[in-house]
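**Q** Sharing coords_4.tsv, TSV, C-alpha atoms:
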chain	number	residue	atom	x	y	z
P	1	MET	CA	-11.58	-11.58	-5.98
P	2	ASN	CA	-15.34	-12.06	-6.03
P	3	PHE	CA	-16.71	-9.61	-3.45
P	4	ALA	CA	-20.05	-8.05	-2.47
P	5	PHE	CA	-21.19	-4.59	-1.45
P	6	PHE	CA	-23.79	-3.97	1.27
P	7	PHE	CA	-25.62	-0.64	1.72
P	8	PRO	CA	-26.97	0.36	5.16
P	9	GLY	CA	-30.42	1.75	5.82
P	10	GLN	CA	-32.22	3.92	8.32
P	11	GLY	CA	-30.71	3.61	11.79
P	12	SER	CA	-27.09	3.94	10.68
P	13	GLN	CA	-27.23	7.73	10.57
P	14	SER	CA	-25.29	9.76	13.15
P	15	VAL	CA	-23.91	13.27	13.61
P	16	GLY	CA	-20.57	13.56	11.84
P	17	MET	CA	-21.14	10.34	9.93
P	18	MET	CA	-19.12	11.43	6.87
P	19	GLN	CA	-16.10	12.82	8.74
P	20	GLY	CA	-13.95	9.75	8.13
P	21	LEU	CA	-13.97	10.33	4.38
P	22	GLY	CA	-12.28	13.70	4.76
P	23	ASP	CA	-12.91	16.96	3.00
P	24	ASN	CA	-13.58	15.24	-0.30
P	25	ALA	CA	-15.03	17.05	-3.32
P	26	ILE	CA	-16.88	13.99	-4.64
P	27	VAL	CA	-18.57	13.37	-1.30
P	28	LYS	CA	-19.54	17.01	-0.85
P	29	SER	CA	-20.84	17.40	-4.41
P	30	THR	CA	-23.08	14.35	-3.93
P	31	PHE	CA	-24.61	16.02	-0.87
P	32	VAL	CA	-24.93	19.35	-2.67
P	33	GLU	CA	-26.81	17.59	-5.47
P	34	ALA	CA	-29.25	16.12	-2.94
P	35	SER	CA	-29.69	19.52	-1.29
P	36	GLU	CA	-30.46	21.21	-4.61
P	37	ILE	CA	-32.99	18.53	-5.64
P	38	LEU	CA	-34.86	18.39	-2.31
P	39	GLY	CA	-34.28	21.93	-1.05
P	40	GLN	CA	-32.50	21.14	2.22
P	41	ASP	CA	-28.90	21.34	3.42
P	42	PHE	CA	-28.12	17.67	3.89
P	43	TRP	CA	-24.42	18.25	4.47
P	44	GLN	CA	-25.13	20.42	7.51
P	45	MET	CA	-27.77	17.91	8.66
P	46	ALA	CA	-25.13	15.19	8.67
P	47	ALA	CA	-22.41	17.33	10.26
P	48	GLU	CA	-24.02	19.13	13.20
P	49	PRO	CA	-26.42	18.13	16.01
P	50	ASN	CA	-30.00	18.91	14.96
P	51	GLU	CA	-33.57	17.68	15.28
P	52	LEU	CA	-33.91	16.92	11.56
P	53	LEU	CA	-31.41	14.07	11.34
P	54	ASN	CA	-33.68	11.36	12.76
P	55	GLN	CA	-36.94	12.45	11.13
P	56	THR	CA	-37.88	9.70	8.68
P	57	ALA	CA	-38.56	12.06	5.76
P	58	ASN	CA	-35.03	13.45	6.13
P	59	THR	CA	-33.17	10.32	7.20
P	60	GLN	CA	-34.07	8.29	4.13
P	61	PRO	CA	-32.75	10.74	1.50
P	62	LEU	CA	-29.81	11.58	3.77
P	63	MET	CA	-28.77	7.92	3.99
P	64	LEU	CA	-29.22	7.57	0.23
P	65	ALA	CA	-26.90	10.55	-0.30
P	66	ALA	CA	-24.34	9.15	2.14
P	67	GLY	CA	-24.30	5.74	0.49
P	68	VAL	CA	-24.08	7.14	-3.05
P	69	ALA	CA	-21.31	9.53	-1.96
P	70	THR	CA	-19.31	6.64	-0.51
P	71	TRP	CA	-19.89	4.58	-3.65
P	72	ARG	CA	-18.78	7.42	-5.94
P	73	LEU	CA	-15.66	7.96	-3.86
P	74	TRP	CA	-14.89	4.24	-4.00
P	75	GLN	CA	-15.25	4.25	-7.77
P	76	SER	CA	-13.00	7.30	-8.15
P	77	ARG	CA	-10.23	5.71	-6.09
P	78	ASN	CA	-9.98	2.27	-7.67
P	79	GLY	CA	-12.96	1.34	-9.84
P	80	GLN	CA	-13.24	-2.27	-8.61
P	81	GLN	CA	-16.75	-3.58	-9.23
P	82	PRO	CA	-18.47	-5.97	-6.81
P	83	GLY	CA	-20.03	-9.09	-8.24
P	84	VAL	CA	-23.28	-8.57	-6.35
P	85	MET	CA	-24.90	-5.98	-4.08
P	86	ALA	CA	-27.66	-5.75	-1.51
P	87	GLY	CA	-29.07	-3.08	0.77
P	88	HIS	CA	-30.83	-3.31	4.11
P	89	SER	CA	-34.33	-1.84	3.71
P	90	LEU	CA	-33.74	1.73	2.47
P	91	GLY	CA	-30.22	0.63	1.48
P	92	GLU	CA	-31.76	-1.40	-1.34
P	93	TYR	CA	-32.48	1.88	-3.13
P	94	THR	CA	-28.87	2.98	-2.71
P	95	ALA	CA	-27.70	-0.32	-4.17
P	96	LEU	CA	-30.00	0.18	-7.16
P	97	VAL	CA	-28.53	3.65	-7.77
P	98	ALA	CA	-25.01	2.21	-7.57
P	99	ALA	CA	-25.99	-0.53	-10.04
P	100	GLY	CA	-27.39	2.03	-12.50
P	101	VAL	CA	-30.99	0.81	-12.22
P	102	ILE	CA	-32.31	4.19	-11.14
P	103	SER	CA	-30.70	7.62	-11.38
P	104	TYR	CA	-29.66	9.47	-8.25
P	105	GLU	CA	-31.86	12.37	-9.35
P	106	ASP	CA	-34.93	10.14	-9.49
P	107	ALA	CA	-34.08	8.13	-6.36
P	108	LEU	CA	-33.90	11.14	-4.03
P	109	PRO	CA	-37.54	12.29	-4.40
P	110	LEU	CA	-38.61	8.63	-4.54
P	111	VAL	CA	-37.17	7.77	-1.13
P	112	ARG	CA	-38.52	10.99	0.35
P	113	TYR	CA	-41.98	10.06	-0.93
P	114	ARG	CA	-41.48	6.56	0.46
P	115	ALA	CA	-40.68	8.01	3.87
P	116	GLU	CA	-43.70	10.31	3.80
P	117	VAL	CA	-46.21	7.60	2.88
P	118	MET	CA	-44.71	5.30	5.52
P	119	GLN	CA	-45.08	8.02	8.14
P	120	ASN	CA	-48.63	8.83	7.08
P	121	ALA	CA	-49.80	5.20	6.94
P	122	VAL	CA	-49.87	4.78	10.71
P	123	ALA	CA	-50.81	7.51	13.18
P	124	GLU	CA	-48.14	8.44	15.70
P	125	GLY	CA	-48.24	6.19	18.74
P	126	VAL	CA	-50.18	3.40	17.02
P	127	GLY	CA	-47.24	1.36	15.74
P	128	ALA	CA	-43.94	0.22	17.25
P	129	MET	CA	-40.88	-1.97	16.71
P	130	ALA	CA	-38.69	-3.95	19.09
P	131	ALA	CA	-35.50	-6.00	18.86
P	132	ILE	CA	-35.64	-9.54	20.25
P	133	LEU	CA	-32.24	-10.97	21.16
P	134	GLY	CA	-31.42	-14.58	21.90
P	135	LEU	CA	-34.30	-16.44	20.24
P	136	ASP	CA	-34.30	-18.27	16.90
P	137	ASP	CA	-36.47	-17.05	14.03
P	138	ASP	CA	-39.18	-19.68	14.43
P	139	THR	CA	-39.56	-18.95	18.14
P	140	VAL	CA	-39.91	-15.23	17.42
P	141	ARG	CA	-42.59	-16.01	14.83
P	142	ALA	CA	-44.39	-18.11	17.45
P	143	VAL	CA	-44.11	-15.18	19.88
P	144	CYS	CA	-45.81	-12.94	17.30
P	145	THR	CA	-48.63	-15.41	16.75
P	146	GLU	CA	-49.24	-15.73	20.49
P	147	ALA	CA	-49.03	-12.03	21.32
P	148	ALA	CA	-50.92	-10.57	18.33
P	149	GLN	CA	-54.40	-11.13	19.81
P	150	GLY	CA	-56.12	-9.89	16.68
P	151	GLU	CA	-53.65	-7.06	16.03
P	152	VAL	CA	-50.69	-6.92	13.66
P	153	LEU	CA	-47.44	-8.34	15.03
P	154	GLU	CA	-44.77	-9.78	12.73
P	155	ALA	CA	-41.09	-10.71	12.61
P	156	VAL	CA	-39.85	-8.09	10.15
P	157	ASN	CA	-36.04	-7.82	10.24
P	158	LEU	CA	-34.26	-11.17	10.27
P	159	ASN	CA	-30.92	-9.49	10.89
P	160	SER	CA	-28.66	-12.23	12.22
P	161	PRO	CA	-28.95	-15.46	14.18
P	162	GLY	CA	-30.51	-14.50	17.51
P	163	GLN	CA	-31.38	-10.94	16.44
P	164	VAL	CA	-34.87	-10.40	15.07
P	165	VAL	CA	-36.93	-7.21	14.98
P	166	ILE	CA	-40.70	-7.37	15.44
P	167	ALA	CA	-43.20	-4.72	14.35
P	168	GLY	CA	-46.91	-3.97	14.43
P	169	HIS	CA	-49.45	-2.32	16.69
P	170	LYS	CA	-47.76	-0.83	19.74
P	171	SER	CA	-49.81	-2.82	22.23
P	172	ALA	CA	-49.05	-6.05	20.37
P	173	VAL	CA	-45.33	-5.24	20.29
P	174	GLU	CA	-45.41	-4.66	24.05
P	175	ARG	CA	-47.12	-8.01	24.58
P	176	GLY	CA	-44.60	-9.61	22.23
P	177	MET	CA	-41.68	-8.31	24.27
P	178	GLU	CA	-43.11	-9.88	27.42
P	179	VAL	CA	-43.86	-13.21	25.73
P	180	ALA	CA	-40.36	-13.24	24.21
P	181	LYS	CA	-38.77	-12.76	27.61
P	182	ALA	CA	-40.96	-15.53	29.03
P	183	LYS	CA	-39.70	-17.81	26.25
P	184	GLY	CA	-36.07	-17.11	27.12
P	185	ALA	CA	-35.08	-14.04	25.13
P	186	LYS	CA	-31.90	-12.45	26.48
P	187	ARG	CA	-33.27	-8.98	25.81
P	188	ALA	CA	-36.36	-7.35	24.28
P	189	LEU	CA	-35.69	-3.73	23.42
P	190	PRO	CA	-38.17	-1.15	22.09
P	191	LEU	CA	-36.70	0.73	19.13
P	192	PRO	CA	-36.88	4.54	18.88
P	193	VAL	CA	-38.85	4.65	15.63
P	194	SER	CA	-42.14	6.25	14.64
P	195	VAL	CA	-42.96	3.86	11.79
P	196	PRO	CA	-43.59	0.08	12.13
P	197	SER	CA	-41.70	-0.84	8.96
P	198	HIS	CA	-41.99	-4.07	6.95
P	199	CYS	CA	-45.27	-5.29	8.47
P	200	ALA	CA	-48.86	-5.41	7.21
P	201	LEU	CA	-49.54	-1.91	8.59
P	202	MET	CA	-47.45	-0.61	5.68
P	203	LYS	CA	-49.74	-1.99	2.94
P	204	PRO	CA	-51.54	1.37	2.44
P	205	ALA	CA	-48.13	3.02	2.06
P	206	ALA	CA	-47.10	0.33	-0.42
P	207	ALA	CA	-50.15	1.09	-2.57
P	208	GLU	CA	-49.23	4.78	-2.63
P	209	LEU	CA	-45.59	3.95	-3.42
P	210	ALA	CA	-46.65	1.70	-6.32
P	211	ARG	CA	-48.65	4.52	-7.90
P	212	TYR	CA	-45.71	6.94	-7.60
P	213	MET	CA	-43.12	4.43	-8.76
P	214	ALA	CA	-45.03	3.58	-11.92
P	215	ALA	CA	-43.69	6.78	-13.49
P	216	VAL	CA	-40.09	6.43	-12.24
P	217	PRO	CA	-37.65	5.37	-15.00
P	218	MET	CA	-35.66	2.20	-14.29
P	219	ILE	CA	-33.41	0.02	-16.44
P	220	ALA	CA	-31.54	-3.25	-16.07
P	221	GLY	CA	-28.51	-2.67	-13.85
P	222	SER	CA	-24.83	-3.42	-14.42
P	223	ILE	CA	-24.50	-5.36	-11.14
P	224	PRO	CA	-27.06	-7.79	-9.65
P	225	VAL	CA	-28.92	-6.42	-6.60
P	226	LEU	CA	-30.59	-8.92	-4.27
P	227	HIS	CA	-33.97	-7.71	-3.02
P	228	ASN	CA	-34.98	-7.90	0.65
P	229	ALA	CA	-38.41	-9.36	-0.02
P	230	ASP	CA	-37.38	-12.55	-1.83
P	231	VAL	CA	-33.54	-12.76	-1.92
P	232	ALA	CA	-33.57	-12.59	-5.73
P	233	ALA	CA	-32.18	-10.23	-8.36
P	234	TYR	CA	-34.19	-8.96	-11.32
P	235	THR	CA	-33.37	-7.22	-14.59
P	236	GLU	CA	-36.92	-6.29	-15.64
P	237	PRO	CA	-37.92	-2.82	-14.33
P	238	GLU	CA	-41.47	-3.96	-13.50
P	239	LYS	CA	-40.19	-6.82	-11.34
P	240	ILE	CA	-37.74	-4.48	-9.59
P	241	LYS	CA	-40.55	-2.04	-8.82
P	242	ASP	CA	-42.77	-4.85	-7.57
P	243	ALA	CA	-40.02	-6.07	-5.24
P	244	LEU	CA	-39.55	-2.55	-3.86
P	245	VAL	CA	-43.28	-2.18	-3.23
P	246	ARG	CA	-43.51	-5.57	-1.50
P	247	GLN	CA	-40.46	-4.69	0.58
P	248	LEU	CA	-42.51	-2.13	2.52
P	249	TYR	CA	-44.71	-4.80	4.10
P	250	SER	CA	-42.43	-7.86	3.86
P	251	PRO	CA	-39.63	-9.03	6.18
P	252	VAL	CA	-36.05	-7.99	5.47
P	253	ARG	CA	-34.49	-11.42	4.94
P	254	TRP	CA	-30.96	-10.30	5.71
P	255	VAL	CA	-29.59	-13.59	7.06
P	256	GLU	CA	-30.65	-15.40	3.88
P	257	THR	CA	-29.25	-12.57	1.74
P	258	VAL	CA	-25.76	-12.79	3.23
P	259	GLN	CA	-25.82	-16.60	3.16
P	260	HIS	CA	-26.92	-16.55	-0.50
P	261	ILE	CA	-24.12	-14.16	-1.46
P	262	HIS	CA	-21.52	-16.29	0.32
P	263	ALA	CA	-22.86	-19.48	-1.27
P	264	GLY	CA	-22.64	-17.74	-4.65
P	265	GLY	CA	-18.88	-17.45	-4.32
P	266	ALA	CA	-18.24	-14.10	-2.65
P	267	LEU	CA	-15.04	-14.25	-0.60
P	268	ALA	CA	-15.26	-10.80	1.00
P	269	SER	CA	-17.60	-7.84	1.33
P	270	ALA	CA	-17.79	-4.15	2.17
P	271	GLU	CA	-20.36	-1.92	3.84
P	272	CYS	CA	-20.76	1.14	1.64
P	273	GLY	CA	-22.17	3.93	3.79
P	274	PRO	CA	-22.09	5.32	7.32
P	275	GLY	CA	-21.58	3.10	10.33
P	276	LYS	CA	-20.63	-0.53	10.79
P	277	VAL	CA	-24.01	-2.18	11.45
P	278	LEU	CA	-23.97	-4.47	8.41
P	279	ALA	CA	-20.30	-5.38	8.90
P	280	GLY	CA	-21.21	-6.58	12.38
P	281	LEU	CA	-24.22	-8.54	11.14
P	282	THR	CA	-22.18	-10.15	8.36
P	283	LYS	CA	-19.63	-11.43	10.87
P	284	ARG	CA	-22.41	-13.05	12.91
P	285	ILE	CA	-24.16	-14.55	9.88
P	286	VAL	CA	-21.14	-15.92	7.95
P	287	ALA	CA	-17.87	-15.60	9.85
P	288	GLU	CA	-15.99	-16.69	6.70
P	289	LEU	CA	-17.20	-13.61	4.78
P	290	PRO	CA	-15.09	-10.69	6.04
P	291	CYS	CA	-16.79	-7.28	5.73
P	292	ILE	CA	-14.91	-3.98	5.73
P	293	ALA	CA	-16.92	-0.86	6.63
P	294	LEU	CA	-15.87	1.90	4.22
P	295	THR	CA	-16.07	4.67	6.82
P	296	SER	CA	-12.58	6.09	6.19
P	297	LEU	CA	-10.03	6.50	3.43
P	298	GLU	CA	-7.83	3.98	5.25
P	299	ALA	CA	-10.66	1.43	5.17
P	300	MET	CA	-11.06	2.02	1.44
P	301	ASP	CA	-7.34	1.38	0.92
P	302	GLU	CA	-7.60	-1.81	2.99
P	303	ALA	CA	-10.57	-3.01	0.91
P	304	THR	CA	-8.81	-2.13	-2.36
P	305	ALA	CA	-5.82	-4.24	-1.36
P	306	LYS	CA	-7.94	-7.15	-0.15
P	307	PHE	CA	-10.30	-7.26	-3.12
P	308	GLY	CA	-7.38	-7.08	-5.55
P	309	GLN	CA	-5.84	-10.29	-4.24
Any chance you could put this one into structure tokens?
**A**
Amino acid sequence: MNFAFFFPGQGSQSVGMMQGLGDNAIVKSTFVEASEILGQDFWQMAAEPNELLNQTANTQPLMLAAGVATWRLWQSRNGQQPGVMAGHSLGEYTALVAAGVISYEDALPLVRYRAEVMQNAVAEGVGAMAAILGLDDDTVRAVCTEAAQGEVLEAVNLNSPGQVVIAGHKSAVERGMEVAKAKGAKRALPLPVSVPSHCALMKPAAAELARYMAAVPMIAGSIPVLHNADVAAYTEPEKIKDALVRQLYSPVRWVETVQHIHAGGALASAECGPGKVLAGLTKRIVAELPCIALTSLEAMDEATAKFGQ
């Protein structure tokens, strides 16, 4: 069966997020590797309540480790290869590791650097993000235009029909929430984040990331990975790097990504990493593309059976 793999990003982390995969040596060794490279105990960070879990500079490498651990476990249990992969924001890096484009050893410090330059690009309290529920994409874009008032305000995560995240200056986001509700939004919810991702405020961070990434080795991958910024897959390392840099200040076009994968012939999909966020979004975007969240050994067995049909 032609199937796809999706890798979650920041926001899917939670205490105990790897418990469903059991006391597995492959999973633990993947976390140990991350801990040795970055000098922190990521396994403990994922297992016990702590203040570090939701700090951007920790969350991004932690989610990379979790996704790679799940991928390695999947490979060890059956070896079925998806026909295409994609990741939501940070998850794009996990997908590229799984595809062999970038090594795990190089990706860990890269995503930590990415997190740090994102955090440093906008002073705390200046930026914000909010989820707008119940409006179509064009209406949300119109909301941003109306509420910006000379500040940055953009539709940045096109997650599913009727679910769009906006980001920019905090005051503009607050105005945008009110305008959205006036235009009929069911809900407008501020998100608990410190970085206004995927908007123009991230362009200074993107410039820093480009300089760092220039020295990071990348090769053509074994599995196509669709990029958030333009819903396209590349084999040339320079084009891959360019897409990753643009991703920082460009919308995550997730609806188009899932639709493109389904139109390309995928009959099923799996979310490879903690949580079930992308499985839920997939169901809302293309109901005919079932998505199994690989959060337990039982789910892996279910996916193995389904994909082998």
**Q** Pick from P:Glu146, P:Gln80, P:Gln44, P:Gly91: nearest to Lys306 in chain P, with all atoms listed in the file counted?
**A**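 So, comparing all the options, the nearest one is P:Gln80.
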**Q** Could you tell me which of P:Gln19, P:Thr235, P:Asn228, P:Gln55 comes closest to Leu248 in chain P if we count all atoms listed in the file?
**A**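 For Leu248 in chain P, the nearest of the candidates is P:Asn228.
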**Q** List the neighbours of Thr56 in chain P out to 12 Å using only C-alpha atoms; skip same-chain residues closer than 4 positions along the sequence, and give me the result as a PyMOL selection string.
**A** chain P and resi 9-11+13+51-52+60-63+90+111-120+192-197
**Q** Calculated over all atoms listed in the file, which of the candidates P:Ala287, P:Gly265, P:Leu226, P:Asp136 has the smallest distance to Lys183 in chain P?
**A**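 Ranked by minimum distance to Lys183 in chain P, first place goes to P:Asp136.
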**Q** List as a PyMOL selection string the protein and nucleic acid residues near Ala180 in chain P, meaning an atom at most 9 Å away when only C-alpha atoms are counted, but skip any in the same chain fewer than 2 places from it.
**A** chain P and resi 132-133+135+139-140+143-144+175-178+182-188
**Q** Store the residues picked out above, limited to C-alpha atoms, as a short mmCIF file (atom, residue, chain, number, x, y, z; two decimals), keeping the file's coordinate frame.
**A**
data_model
loop_
_atom_site.label_atom_id
_atom_site.label_comp_id
_atom_site.auth_asym_id
_atom_site.auth_seq_id
_atom_site.Cartn_x
_atom_site.Cartn_y
_atom_site.Cartn_z
CA ILE P 132 -35.64 -9.54 20.25
CA LEU P 133 -32.24 -10.97 21.16
CA LEU P 135 -34.30 -16.44 20.24
CA THR P 139 -39.56 -18.95 18.14
CA VAL P 140 -39.91 -15.23 17.42
CA VAL P 143 -44.11 -15.18 19.88
CA CYS P 144 -45.81 -12.94 17.30
CA ARG P 175 -47.12 -8.01 24.58
CA GLY P 176 -44.60 -9.61 22.23
CA MET P 177 -41.68 -8.31 24.27
CA GLU P 178 -43.11 -9.88 27.42
CA ALA P 182 -40.96 -15.53 29.03
CA LYS P 183 -39.70 -17.81 26.25
CA GLY P 184 -36.07 -17.11 27.12
CA ALA P 185 -35.08 -14.04 25.13
CA LYS P 186 -31.90 -12.45 26.48
CA ARG P 187 -33.27 -8.98 25.81
CA ALA P 188 -36.36 -7.35 24.28
#
**Q** Would you tabulate, counting all atoms listed in the file, all residues of range 199-229 of chain P that have an atom at most 7 Å from an atom of range 249-257 of chain P, showing the closest pair of atoms and their distance in Å to one decimal, sorted by chain then ascending number, as CSV?
**A**
residue,atom,partner,partner_atom,distance
P:Cys199,CA,P:Tyr249,CA,4.4
P:Ala200,CA,P:Tyr249,CA,5.2
P:Met202,CA,P:Tyr249,CA,5.2
P:Lys203,CA,P:Tyr249,CA,5.9
P:Asn228,CA,P:Val252,CA,4.9
P:Ala229,CA,P:Ser250,CA,5.8
**Q** Output file request: range 83-114 of chain P, with N, CA and C atoms, as a PDB file, in the first residue's frame.
**A**
ATOM      1  N   GLY P  83       5.892   6.098   1.120  1.00  0.00           N
ATOM      2  CA  GLY P  83       6.209   6.638  -0.189  1.00  0.00           C
ATOM      3  C   GLY P  83       6.559   8.105  -0.151  1.00  0.00           C
ATOM      4  N   VAL P  84       6.114   8.802   0.907  1.00  0.00           N
ATOM      5  CA  VAL P  84       6.359  10.230   1.040  1.00  0.00           C
ATOM      6  C   VAL P  84       6.247  10.592   2.506  1.00  0.00           C
ATOM      7  N   MET P  85       6.898  11.684   2.913  1.00  0.00           N
ATOM      8  CA  MET P  85       6.841  12.125   4.304  1.00  0.00           C
ATOM      9  C   MET P  85       6.705  13.643   4.356  1.00  0.00           C
ATOM     10  N   ALA P  86       6.216  14.107   5.500  1.00  0.00           N
ATOM     11  CA  ALA P  86       6.138  15.548   5.759  1.00  0.00           C
ATOM     12  C   ALA P  86       6.148  15.750   7.261  1.00  0.00           C
ATOM     13  N   GLY P  87       6.586  16.919   7.687  1.00  0.00           N
ATOM     14  CA  GLY P  87       6.581  17.250   9.109  1.00  0.00           C
ATOM     15  C   GLY P  87       6.000  18.622   9.326  1.00  0.00           C
ATOM     16  N   HIS P  88       5.311  18.792  10.437  1.00  0.00           N
ATOM     17  CA  HIS P  88       4.692  20.079  10.753  1.00  0.00           C
ATOM     18  C   HIS P  88       5.710  20.957  11.463  1.00  0.00           C
ATOM     19  N   SER P  89       6.165  22.005  10.780  1.00  0.00           N
ATOM     20  CA  SER P  89       7.136  22.946  11.342  1.00  0.00           C
ATOM     21  C   SER P  89       8.412  22.211  11.759  1.00  0.00           C
ATOM     22  N   LEU P  90       8.713  22.151  13.040  1.00  0.00           N
ATOM     23  CA  LEU P  90       9.908  21.431  13.498  1.00  0.00           C
ATOM     24  C   LEU P  90       9.927  19.996  12.968  1.00  0.00           C
ATOM     25  N   GLY P  91       8.754  19.379  12.835  1.00  0.00           N
ATOM     26  CA  GLY P  91       8.672  17.997  12.370  1.00  0.00           C
ATOM     27  C   GLY P  91       9.285  17.778  11.004  1.00  0.00           C
ATOM     28  N   GLU P  92       9.435  18.859  10.223  1.00  0.00           N
ATOM     29  CA  GLU P  92      10.078  18.742   8.922  1.00  0.00           C
ATOM     30  C   GLU P  92      11.529  18.278   9.076  1.00  0.00           C
ATOM     31  N   TYR P  93      12.183  18.716  10.138  1.00  0.00           N
ATOM     32  CA  TYR P  93      13.562  18.284  10.396  1.00  0.00           C
ATOM     33  C   TYR P  93      13.600  16.796  10.746  1.00  0.00           C
ATOM     34  N   THR P  94      12.636  16.340  11.531  1.00  0.00           N
ATOM     35  CA  THR P  94      12.570  14.921  11.876  1.00  0.00           C
ATOM     36  C   THR P  94      12.362  14.089  10.625  1.00  0.00           C
ATOM     37  N   ALA P  95      11.492  14.547   9.737  1.00  0.00           N
ATOM     38  CA  ALA P  95      11.256  13.832   8.482  1.00  0.00           C
ATOM     39  C   ALA P  95      12.534  13.742   7.657  1.00  0.00           C
ATOM     40  N   LEU P  96      13.311  14.815   7.641  1.00  0.00           N
ATOM     41  CA  LEU P  96      14.555  14.831   6.866  1.00  0.00           C
ATOM     42  C   LEU P  96      15.591  13.878   7.459  1.00  0.00           C
ATOM     43  N   VAL P  97      15.606  13.736   8.787  1.00  0.00           N
ATOM     44  CA  VAL P  97      16.484  12.738   9.410  1.00  0.00           C
ATOM     45  C   VAL P  97      16.032  11.339   9.005  1.00  0.00           C
ATOM     46  N   ALA P  98      14.732  11.085   9.086  1.00  0.00           N
ATOM     47  CA  ALA P  98      14.195   9.766   8.725  1.00  0.00           C
ATOM     48  C   ALA P  98      14.482   9.433   7.265  1.00  0.00           C
ATOM     49  N   ALA P  99      14.481  10.448   6.403  1.00  0.00           N
ATOM     50  CA  ALA P  99      14.733  10.228   4.976  1.00  0.00           C
ATOM     51  C   ALA P  99      16.217  10.109   4.653  1.00  0.00           C
ATOM     52  N   GLY P 100      17.086  10.364   5.632  1.00  0.00           N
ATOM     53  CA  GLY P 100      18.521  10.266   5.408  1.00  0.00           C
ATOM     54  C   GLY P 100      19.150  11.508   4.819  1.00  0.00           C
ATOM     55  N   VAL P 101      18.412  12.633   4.800  1.00  0.00           N
ATOM     56  CA  VAL P 101      18.941  13.879   4.246  1.00  0.00           C
ATOM     57  C   VAL P 101      20.001  14.480   5.165  1.00  0.00           C
ATOM     58  N   ILE P 102      19.731  14.424   6.463  1.00  0.00           N
ATOM     59  CA  ILE P 102      20.632  14.969   7.464  1.00  0.00           C
ATOM     60  C   ILE P 102      20.802  13.945   8.577  1.00  0.00           C
ATOM     61  N   SER P 103      21.990  13.849   9.133  1.00  0.00           N
ATOM     62  CA  SER P 103      22.216  12.877  10.201  1.00  0.00           C
ATOM     63  C   SER P 103      21.569  13.353  11.498  1.00  0.00           C
ATOM     64  N   TYR P 104      21.219  12.420  12.330  1.00  0.00           N
ATOM     65  CA  TYR P 104      20.662  12.736  13.644  1.00  0.00           C
ATOM     66  C   TYR P 104      21.643  13.577  14.447  1.00  0.00           C
ATOM     67  N   GLU P 105      22.931  13.226  14.340  1.00  0.00           N
ATOM     68  CA  GLU P 105      23.975  13.938  15.083  1.00  0.00           C
ATOM     69  C   GLU P 105      24.076  15.401  14.669  1.00  0.00           C
ATOM     70  N   ASP P 106      23.850  15.680  13.398  1.00  0.00           N
ATOM     71  CA  ASP P 106      23.893  17.065  12.926  1.00  0.00           C
ATOM     72  C   ASP P 106      22.578  17.789  13.172  1.00  0.00           C
ATOM     73  N   ALA P 107      21.472  17.056  13.131  1.00  0.00           N
ATOM     74  CA  ALA P 107      20.151  17.682  13.278  1.00  0.00           C
ATOM     75  C   ALA P 107      19.908  18.176  14.697  1.00  0.00           C
ATOM     76  N   LEU P 108      20.416  17.485  15.695  1.00  0.00           N
ATOM     77  CA  LEU P 108      20.167  17.878  17.089  1.00  0.00           C
ATOM     78  C   LEU P 108      20.696  19.282  17.404  1.00  0.00           C
ATOM     79  N   PRO P 109      21.986  19.565  17.176  1.00  0.00           N
ATOM     80  CA  PRO P 109      22.452  20.940  17.432  1.00  0.00           C
ATOM     81  C   PRO P 109      21.823  21.950  16.475  1.00  0.00           C
ATOM     82  N   LEU P 110      21.440  21.514  15.279  1.00  0.00           N
ATOM     83  CA  LEU P 110      20.801  22.430  14.332  1.00  0.00           C
ATOM     84  C   LEU P 110      19.453  22.915  14.855  1.00  0.00           C
ATOM     85  N   VAL P 111      18.636  21.987  15.351  1.00  0.00           N
ATOM     86  CA  VAL P 111      17.314  22.421  15.823  1.00  0.00           C
ATOM     87  C   VAL P 111      17.419  23.190  17.136  1.00  0.00           C
ATOM     88  N   ARG P 112      18.432  22.884  17.941  1.00  0.00           N
ATOM     89  CA  ARG P 112      18.627  23.703  19.139  1.00  0.00           C
ATOM     90  C   ARG P 112      19.016  25.131  18.742  1.00  0.00           C
ATOM     91  N   TYR P 113      19.899  25.253  17.767  1.00  0.00           N
ATOM     92  CA  TYR P 113      20.282  26.592  17.297  1.00  0.00           C
ATOM     93  C   TYR P 113      19.068  27.301  16.712  1.00  0.00           C
ATOM     94  N   ARG P 114      18.275  26.584  15.949  1.00  0.00           N
ATOM     95  CA  ARG P 114      17.045  27.148  15.388  1.00  0.00           C
ATOM     96  C   ARG P 114      16.153  27.709  16.489  1.00  0.00           C
TER      97      ARG P 114
END
